[in-house]
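Presented below is the structure to which this report refers.
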Amino acid sequence: MADPAETTGERARIPRLRVRLRELYHGDSPGAVRFRLWVIAIDLLLIAFFVAAPFLRDSPAYLVVDYAVALVLAIELGARALADTSVKAFARRFSVWVDVFVLVTLLFPLQLFNLAFLRVLRLWSLFHSEIFWDTIGRRYDDTRVEDVTKSLATLVTFVFIATGFVYASFARSHPGLGGYVDALYFTVTTLTTTGFGDITLPGTYGKLLTIVIMISGITLFVRFAQTLIRPYKVRFPCPACGLQRHDPDAVHCKACGLLLNIPNEE
């Protein structure tokens with residue numbers, strides 16, 4: 001029978017651990033900032049592994065690295081869950097489901113390798129996370145740089161996901177696609193509508209996939225271009241009508257005419 005004193009001590013340690021993790025993930029102290037920088041650096045290493053996985057699959061050390069990455073991801077995911085104010089709200093976030101899916105593919109690398117290309121969604125979730133913009137991007141939070149970075153991350157994520165679809169569906173079974181680089185080459189030439197024609201996907205599924213890549217690629221390129229050239233607006237919700245963006249020097253809300261007081265760091 002467990003000692004009641006030991007059980008009480010264990011229960012007391014859990015709240016203390018949650019408080020400490022909240023300070024590290026959401027605090028402004030130098031130690032918290034350093035901790036989040038390490039978390040972001042580890043995330044970037046994980047993403048690099050996900051991108052390089054198709055080239056490392058035949059390596060003898062691949063499974064060892066794969067399970068080590070799974071352990072790191074599981075620990076980081078559990079730490080973020082404890083640091084959150086509500087575990088239920090944490091579990092409903094899309095980025096969390098992405099991490100859970102990535103973890104499952106890492107735990108079953110041989111059975112789910114054809115779905116491993118979806119791991120690159122971690123790139124999208126990193127550059128859309130509050131941790132990244134509260135730590136590295138604090139200076140550029142709610143600026144054009146944030147919008148451009150998020151649009152570029154979405155575009156790059158789509159490129160690798162589309163490449164993964166092409167590679168998993170046609171590589172080694174289609175003469176024109178001998179490996180991952182060929183799939184990446186086809187994806188880039190297709191979504192940029194260059195279309196050299198030296199590699200084409202066979203069958204109805206191949207044609208439909210090509211159409212999806214072209215349409216989605218053009219849409220994401222247009223979105224990325226818009227963030228670069230459109231007039232810059234600051235994010236400042238109007239207290240009356242809720243309009244989110246205004247000109248940096250706006251005095252009144254364009255929607256309702258309310259007098260605004262937009263902070264100006266200059």
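Starting from 1 in every chain, residues are counted up; chains themselves are A, B, ... following the order of the structure tokens, and ligands are numbered from 1 as listed.
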
| message | If we count only C-alpha atoms and set the cut-off at 10 Å, which residues sit around region 200-204 of chain A, ignoring sequence neighbours fewer than 5 positions away in its own chain? Please answer as an NGL selection string. | response | :A and (166 or 169-170 or 174-177 or 186 or 190 or 195 or 209-210)

Include N, CA and C atoms and write out the residues we just selected as an mmCIF file, in the first residue's frame.
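The resulting file, result-v4.cif, is reproduced below:
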```cif
data_model
loop_
_atom_site.group_PDB
_atom_site.id
_atom_site.type_symbol
_atom_site.label_atom_id
_atom_site.label_comp_id
_atom_site.auth_asym_id
_atom_site.auth_seq_id
_atom_site.Cartn_x
_atom_site.Cartn_y
_atom_site.Cartn_z
ATOM 1 N N VAL A 166 3.431 13.079 -54.464
ATOM 2 C CA VAL A 166 3.932 12.576 -55.746
ATOM 3 C C VAL A 166 4.893 11.414 -55.523
ATOM 4 N N SER A 169 3.116 8.238 -54.255
ATOM 5 C CA SER A 169 2.162 7.658 -55.202
ATOM 6 C C SER A 169 2.822 7.085 -56.453
ATOM 7 N N PHE A 170 3.934 7.711 -56.893
ATOM 8 C CA PHE A 170 4.453 7.342 -58.214
ATOM 9 C C PHE A 170 5.936 6.969 -58.238
ATOM 10 N N HIS A 174 6.834 4.557 -61.535
ATOM 11 C CA HIS A 174 6.704 5.316 -62.771
ATOM 12 C C HIS A 174 8.100 5.603 -63.306
ATOM 13 N N PRO A 175 8.372 5.300 -64.560
ATOM 14 C CA PRO A 175 9.727 5.436 -65.107
ATOM 15 C C PRO A 175 10.321 6.832 -64.969
ATOM 16 N N GLY A 176 9.491 7.867 -64.998
ATOM 17 C CA GLY A 176 10.023 9.223 -64.946
ATOM 18 C C GLY A 176 10.407 9.698 -63.574
ATOM 19 N N LEU A 177 9.933 9.000 -62.536
ATOM 20 C CA LEU A 177 10.199 9.404 -61.158
ATOM 21 C C LEU A 177 11.067 8.362 -60.475
ATOM 22 N N PHE A 186 9.406 17.834 -60.209
ATOM 23 C CA PHE A 186 8.097 17.860 -60.857
ATOM 24 C C PHE A 186 7.163 18.830 -60.144
ATOM 25 N N THR A 190 5.621 22.221 -61.775
ATOM 26 C CA THR A 190 4.171 22.221 -61.962
ATOM 27 C C THR A 190 3.512 23.414 -61.288
ATOM 28 N N GLY A 195 6.243 23.773 -66.412
ATOM 29 C CA GLY A 195 5.790 22.623 -67.181
ATOM 30 C C GLY A 195 6.678 22.225 -68.338
ATOM 31 N N LEU A 209 -4.009 15.122 -59.617
ATOM 32 C CA LEU A 209 -3.009 15.606 -58.671
ATOM 33 C C LEU A 209 -2.230 16.774 -59.271
ATOM 34 N N THR A 210 -1.912 16.691 -60.554
ATOM 35 C CA THR A 210 -1.208 17.784 -61.217
ATOM 36 C C THR A 210 -2.053 19.054 -61.222
#
```

| field | DSSP helix (DSSP H, G or I) residues within region 97-193 of chain A, listed as JSON, numbers by chain | value | {"A": [97, 98, 99, 100, 101, 102, 103, 104, 105, 106, 107, 113, 114, 115, 116, 117, 118, 119, 120, 121, 122, 123, 124, 125, 126, 127, 130, 131, 132, 133, 134, 135, 138, 139, 140, 144, 145, 146, 147, 148, 149, 150, 151, 152, 153, 154, 155, 156, 157, 158, 159, 160, 161, 162, 163, 164, 165, 166, 167, 168, 169, 170, 180, 181, 182, 183, 184, 185, 186, 187, 188, 189, 190, 191]}

| message | Measuring between only C-alpha atoms, which one of A:Gly164, A:Pro15, A:Gly217, A:Gly257 shows the shortest distance to Val51 (chain A)? | response | A:Gly164

| said: Can you tell me which residues surround Cys256 (chain A) at a distance of at most 10 Å, considering only C-alpha atoms, apart from same-chain residues fewer than 5 positions away, and format the answer as JSON, numbers by chain? | reply: {"A": [238, 240, 241, 242, 243]}

| In terms of the shortest atom-to-atom distance over only C-alpha atoms, which of A:Arg245, A:Tyr167, A:Ala61, A:Leu152 is closest to Val222 (chain A)? |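 Answer, going by the shortest atom-to-atom distance: A:Leu152.
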
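Atom pair CA of Cys253 (chain A) / CA of Arg235 (chain A) has a distance of 12.2 Å (rounded to one decimal).
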